[in-house]
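Below is one structure, written out as C-alpha cells, with a few remarks after it.
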Amino acid sequence: MSYTLEGRTGTWEIVVGLEVHAQVISHSKLFSGASASYGGEPNTHVSLVDAGFPGMLPVLNQECVAQAIRTGLGLRARINLESRFDRKNYFYADLPTGYQISQFTHPIVGEGTVEIELADGTVRHIGITRLHMEQDAGKSMHDQDPARSFIDLNRAGVALMEIVSEPDIRSPEEAGAYLRKLRQILRYLGTCDGNMEEGSMRADVNVSVRKAGEPFRTRCEIKNVNSIRYVMHAIEVEATRQIEVWEEGGEVDQETRLFDPARNETRSLRSKEDAHDYRYFPDPDLLPLVVEQAWVDELERGLPELPDDKRDRFVRQYGIPRYDASVLVAEQAIADYYEEVAKGRDARLAANWVTGDLFGALNRTGRTITDSPISAQALGGMLDLVSDKTINGKIAKEVFEDMLETGDSAAAIVERKGLKQVTDTGAIDAAVADVLARNADKVEEYRGGKDRLFGFFVGQVMKAMAGKANPAMVNEALKKVL
Amino acid sequence: MSLTELTIADAAAGLRARKFSAAELVGAHNAAIAALNPRLNAYITTTSDAALQAAAVADEALGKGEAKPLTGIPLGIKDLFCTKGVRTTAASNILKNFVPPYESTVTANLLRDGAVFVGKTNLDEFAMGSANITSAFGPVENPWKRRGDDAALVPGGSSGGSAAAVAAGLAMGATGTDTGGSIRQPAAYCGIVGLKPTYGRCSRFGTIAYASSLDQAGPMARTVRDCAILLQSMAGFDARDSTSVNCDVPDYSVAIGRSLKGLKVGIPAEYRAEGLSAEIEAAWQQGINWLKDAGCEIVDVSLPHTKYGLATYYIVAPAECSSNLARYDGLRFGERVPGDTLDAMYEATRRAGFGPEVRRRIMMGTYVLSAGYYDAYYLKAQKVRSLIRRDFTESFQQVDVLLTPTAPTPAFAQGEQSDDPVQMYLNDIFTVPASMAGMPAMSVPVGLGTTGLPLGLQLIGRPFDEETLLAAGSALEAAAGFTHRPALRAEVVK
C-alpha cells in the first residue's frame, strides 16, 4: 500500500531524503584532544585548536575514523580508502575558525543500503548516498541575557557523521522506520548513542511532492528536526503545504525551512538566493586520508552481529516468528537478554515470556531491559520450573508477578507459597470425581453432545486444586471418567 | 671584532671558550637594538630583560659545560611565531595585543637548544607583502644604502624585520617564514643568507598561518653555516602538524664545504625573464662560473610552467588566506570593534583590524573560491601547480640543484613600487615557483650591484635535500667572499 496525499487536482506522492547528523562516540574530538563528552560546564571541553587560536592545527583522531568506517560497514556501504577533508567557510559566532572541516567532495563512505520493515510487513531498501565525517559547531545561547548572546564551545569540533540517504523514502512511516533502523544500527555498532533529545542525532529532511510517474519536483530542506515523531509530522505538513502551492498554480521554491512542532507548520528560513556560498576547498592543513584495506578488514572482523543478521539467525536458530525476532533484536541488550533466557530452554516459550510478560512489566514499572527487575537468569529459572512441570503456565504468571515484586527466585516463591504443581493422580482423580459429582446435570449435557463443557470441567478441577494441578493430567483424568 | 659582527658558529665557540659571556653577547645585541631599532623598526617587540635573564641561565649552563648548540645565541623571532607570554602580532592591528599562551614548535625547538630571543621582528601584515611596508607597526628600513643616496630602502618582505635585524647586527640570526619568497627575497635585499626548507621540514604548529599549503619556516643568518646551525634546531617532525614530514634530519654542518665535484647544476632558461636587471644577470653568470670552477657541471634546463607561477600563486595563497584569516573575528581573542549585530561587529572589527593588502588578498581569495568561479580559478590553479611541481621533478632527474637569481632587482626605495600591487607582486617571480612546488630553496649574497646594494642568487634543491643547497651555497659564499656590510649597523651606529 503506497502512501499518497489527495489534493484538489488528484493524487500526490511524496519524495523524501534524509540527512542524518550522528555524533560519533569517541573520547576526544575529531581534530583535537579535548573531551567529546556531553554536558560539562560551558567552555570546559575546549582546546586551543577548537577555539581557533592563531597557529593551531587540526590533527585527525584515528578513533573517529574507525567509528565512521564501522558505521559504513554496518550500512553495507563502500569504504573509500582515500578520502579528503574540505573547509566549509561561513561566519558564525559559534564557529571559531570561520570554517567547518567536512568531507565535501571525497567522503570516507560511499553507497550503501538500509533495509526497513513497515507495520504491514513490507520490506523496503533505502539507499545510502554517502557518509562523511565533519566537525560540529559550538552552541549559541540567546536566552541567557537580554542583550547578549553567549557561546559554549564544548561541542565545537566534536565528530559528526553525516549520513545522506537517497530520495527513496515515500511516506512518513518509511521515514520513521528508516530513522529507527539507522539508530538501531548505530547503537549496535556503538558508533553513536542515537539520543535525539540530547542532539546526538539530528535530521535534515528533504521533501518534495509529485504526481505518479513524474520526475522529481523542487524540494525543500527542513533543518535540524530532533525527534522521529517530528520528522514524520514535518514531512506530512510540508508535503501538504507544497501540494497547496502547486495546486494554486504557484512554484515551490528551493529553500531551507524550519519545522515548528507547536504550530505544526514549516517556515522559511532562507531562500536559495540567500543560501550561503560555502566556498568549499580542500583543507590545506590536512593530508588526504588514506586507510589500508587491511585495517578496514580488521574493523569488519570486530563488528558485532548486526540487527538484520541477528533477526534472521533468531528465526533460524530459535524457530521463532520473524516478527518476534524483529522485536527481540530492537536493542542489543534485549537480544542478549533473550538469548540468555533461551539458552538450553524452550526458545519459543522464552520469546513469548520476554516479548509478553517481561515487556509488559518493564512498561508498567518504567524500566528498561538493562535495569530489568527480573534478570535473564531469574526468568530462565522460572521457565525451567515450567519445563520440568514443577509449575504450570498459569501458576507461572503468579510466580512472575511475585518475582517482580520481591525479587525472589521462582524456586523460592514456589516453595514459599506451596505452588508446586500437583501430579499426584490420586488427588487429581479425587478432585475430578468431586467436580463431576457436584455437576451431574452438566455431565448429562456433556454426554448429550455439548462438547464445549469439557473446558468448564477442567476449570472447575483447576479451581478446586488452587490452580496447581498439572493441566495435561487433569485433561486425561476427565476424559477417562467422562 | 664587535660582538654584533660575529657569526653564530664563532659566537658559540667564543662562549664555550669563555672569551665573552652570554650576558655580554646578549647585552651587545640589546644595546644595538636600543640604538638602531628606532630607525630601522626591525622589531615590533623587544624582550631585552627576558633575554638578559635567559643569558644568565645560558652562562650558568656554559659554566657547567652543559652548553647546547645555541646556548646564549641572541636571535630575532619573526612576529608570526607564537611565543608563550610574549605578544605576537603578525604585524596586524587585529592582534596588536595578543599574547599567546603557547609556544610555536619552531621557537620551542630553538629554546630547547639554548637560544635567547631578543625580540619579535617586524614583517608585512600576516606575511603578505614583499617590501615590509604593509606592517601595522610601520615599515622596516633596509640597513643598506645606495651609493651616494640616503633614501630609505625596503628590506624586502615579508620577513623584512628579520632580514634587517640580522644584516644590521641586531640579532645573530632570525627565524623567517616563506610562503612565496618571504625568506629568500628579503635575504637577498639585505645581503644575508635565507633558507626556505622543503615544505613539511619545519612544523607549522604555532606559526600564524597565511597560506597553509605554502608556509614554511626557515633560518636567516649572515652565513650559510649559521643557517645550517639554525635549521638543525628548527627542523623536525611534529605530530601536531599533519603536514610535517616524518623523515630524519641529517647533520647539516657536514654539508658545509662539501666537494661539489660532479654536481649537476641546472640553469633554467625561463628565469631569464623580462625585467631582469643587467646587474643581476651579471651576478647570475658569475655564480655559474664559480660553481663551474668548483667542479660542477652546468646544464641548461627548462621549467616551462614558470611563467604561470605568480598568477597561480596569487590564486592559491589568497584562497587559503581568506579562510585562514576568518578566525580573526573579534570574538575570542584579538581586537574587537562592537557592532549592533553580529555581522556589524565582524565588519567593524575586520575593517579596523586588517590593512589594505590583507583585505585585498581576502577579497581575491573569497572571489576565487566562490561558486561559479572555483573551477576557473582555484581548481585550475591547482592543476597548474601540479604542472609546476612536475617541471621541477623532471629537471631534478637531470640535475642536482638549480641556480637562479633570487629577485629581479636589488632593494628599492620605500614608496617606489607601492602604488601598483601587481608590480609589487613581480618581486616574487623567481621565488614563487619553488614555493608552489614545495622545494627547498636558499638565497645567498654574491656581491654588490652597480648602486652598491647586495645581490642574491637562489639555489633550489630536491625535496628534503637541504644539504645540497648548503653545500652549493657555501661554495658560492666562499667564492664570492661577500664581506660587505650595510651602512646602518650596530658596530658603527652607537
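So you can find residues: chains in the C-alpha cells are A, B, ... in the order shown, residues in each start at 1, and ligands are numbered from 1 in order.
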
Original post:
Mind listing as a count of residues only which residues of chain B are within 7 Å of chain A, counting only C-alpha atoms?
Top reply: 17

Subject >> Per-residue DSSP, stretch 101-221 of chain B, filtered to alpha helix (DSSP H), as a list in words >> reply: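 Alpha helix (DSSP H) members of stretch 101-221 of chain B, listed: Thr105, Val106, Thr107, Ala108, Asn109, Leu110, Leu111, Arg112, Gly160, Gly161, Ser162, Ala163, Ala164, Ala165, Val166, Ala167, Ala168, Arg184, Gln185, Pro186, Ala187, Ala188, Tyr189 and Cys190 of chain B.
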
Subject >> Polymer residues at most 6 Å from stretch 328-344 of chain A, only C-alpha atoms, same-chain spacing of 5 or more positions, as number ranges by chain >> reply: A: 307, 350, 376, 380

Original post:
Which is closest to A:Gly426 among A:Met473, A:Asp297, A:Glu162, A:Val123, if we use only C-alpha atoms?
Top reply: A:Met473

**OP:** For B:Asp113, work out the shell of residues within 7 Å, counting only C-alpha atoms and skipping chain neighbours fewer than 6 positions away, then give it as a PyMOL selection string.
**Re:** chain B and resi 68-71+233

**OP:** Name the residues of stretch 434-493 of chain B that fall into strand (DSSP E) according to DSSP on the backbone, using the chain letters and numbers of this document, as a list in words.
**Re:**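 DSSP-assigned strand (DSSP E) residues in stretch 434-493 of chain B: Ala441, Met442, Ser443, Val444, Pro445, Val446, Gly447, Leu448, Pro454, Leu455, Gly456, Leu457, Gln458, Leu459, Ile460 and Gly461 of chain B.
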
Just N, CA and C atoms for this one: save the residues we selected as an mmCIF file, in the first residue's frame.
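That gives us again_18.cif:
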```cif
data_model
loop_
_atom_site.group_PDB
_atom_site.id
_atom_site.type_symbol
_atom_site.label_atom_id
_atom_site.label_comp_id
_atom_site.auth_asym_id
_atom_site.auth_seq_id
_atom_site.Cartn_x
_atom_site.Cartn_y
_atom_site.Cartn_z
ATOM 1 N N ALA B 441 64.761 25.939 -1.007
ATOM 2 C CA ALA B 441 65.485 26.944 -1.789
ATOM 3 C C ALA B 441 66.183 27.913 -0.838
ATOM 4 N N MET B 442 67.281 28.462 -1.315
ATOM 5 C CA MET B 442 68.087 29.314 -0.451
ATOM 6 C C MET B 442 68.615 30.487 -1.248
ATOM 7 N N SER B 443 68.678 31.653 -0.603
ATOM 8 C CA SER B 443 69.297 32.812 -1.238
ATOM 9 C C SER B 443 70.634 33.079 -0.559
ATOM 10 N N VAL B 444 71.644 33.298 -1.395
ATOM 11 C CA VAL B 444 72.995 33.560 -0.887
ATOM 12 C C VAL B 444 73.478 34.882 -1.489
ATOM 13 N N PRO B 445 74.036 35.791 -0.682
ATOM 14 C CA PRO B 445 74.540 37.039 -1.246
ATOM 15 C C PRO B 445 75.839 36.771 -2.004
ATOM 16 N N VAL B 446 75.937 37.329 -3.213
ATOM 17 C CA VAL B 446 77.120 37.019 -4.027
ATOM 18 C C VAL B 446 77.888 38.264 -4.434
ATOM 19 N N GLY B 447 77.375 39.432 -4.102
ATOM 20 C CA GLY B 447 78.124 40.624 -4.482
ATOM 21 C C GLY B 447 77.255 41.857 -4.390
ATOM 22 N N LEU B 448 77.843 42.983 -4.783
ATOM 23 C CA LEU B 448 77.096 44.224 -4.780
ATOM 24 C C LEU B 448 76.808 44.633 -6.218
ATOM 25 N N PRO B 454 73.355 44.795 -2.148
ATOM 26 C CA PRO B 454 73.638 43.357 -2.264
ATOM 27 C C PRO B 454 72.713 42.672 -3.265
ATOM 28 N N LEU B 455 73.274 41.656 -3.910
ATOM 29 C CA LEU B 455 72.523 40.841 -4.862
ATOM 30 C C LEU B 455 72.565 39.397 -4.387
ATOM 31 N N GLY B 456 71.462 38.721 -4.557
ATOM 32 C CA GLY B 456 71.411 37.339 -4.093
ATOM 33 C C GLY B 456 71.138 36.379 -5.232
ATOM 34 N N LEU B 457 71.690 35.170 -5.099
ATOM 35 C CA LEU B 457 71.344 34.104 -6.034
ATOM 36 C C LEU B 457 70.590 33.026 -5.265
ATOM 37 N N GLN B 458 69.697 32.374 -5.998
ATOM 38 C CA GLN B 458 68.859 31.353 -5.390
ATOM 39 C C GLN B 458 69.282 29.962 -5.849
ATOM 40 N N LEU B 459 69.387 29.067 -4.885
ATOM 41 C CA LEU B 459 69.603 27.648 -5.178
ATOM 42 C C LEU B 459 68.304 26.918 -4.830
ATOM 43 N N ILE B 460 67.870 26.049 -5.721
ATOM 44 C CA ILE B 460 66.652 25.272 -5.473
ATOM 45 C C ILE B 460 67.041 23.799 -5.524
ATOM 46 N N GLY B 461 66.615 23.042 -4.516
ATOM 47 C CA GLY B 461 67.030 21.639 -4.442
ATOM 48 C C GLY B 461 65.872 20.669 -4.489
#
```

**OP:** Tell me which protein, DNA and RNA residues are within 12 Å of A:Leu383, counting only C-alpha atoms, leaving out same-chain ones fewer than 2 positions away, and put them as a count of residues only.
**Re:** 38
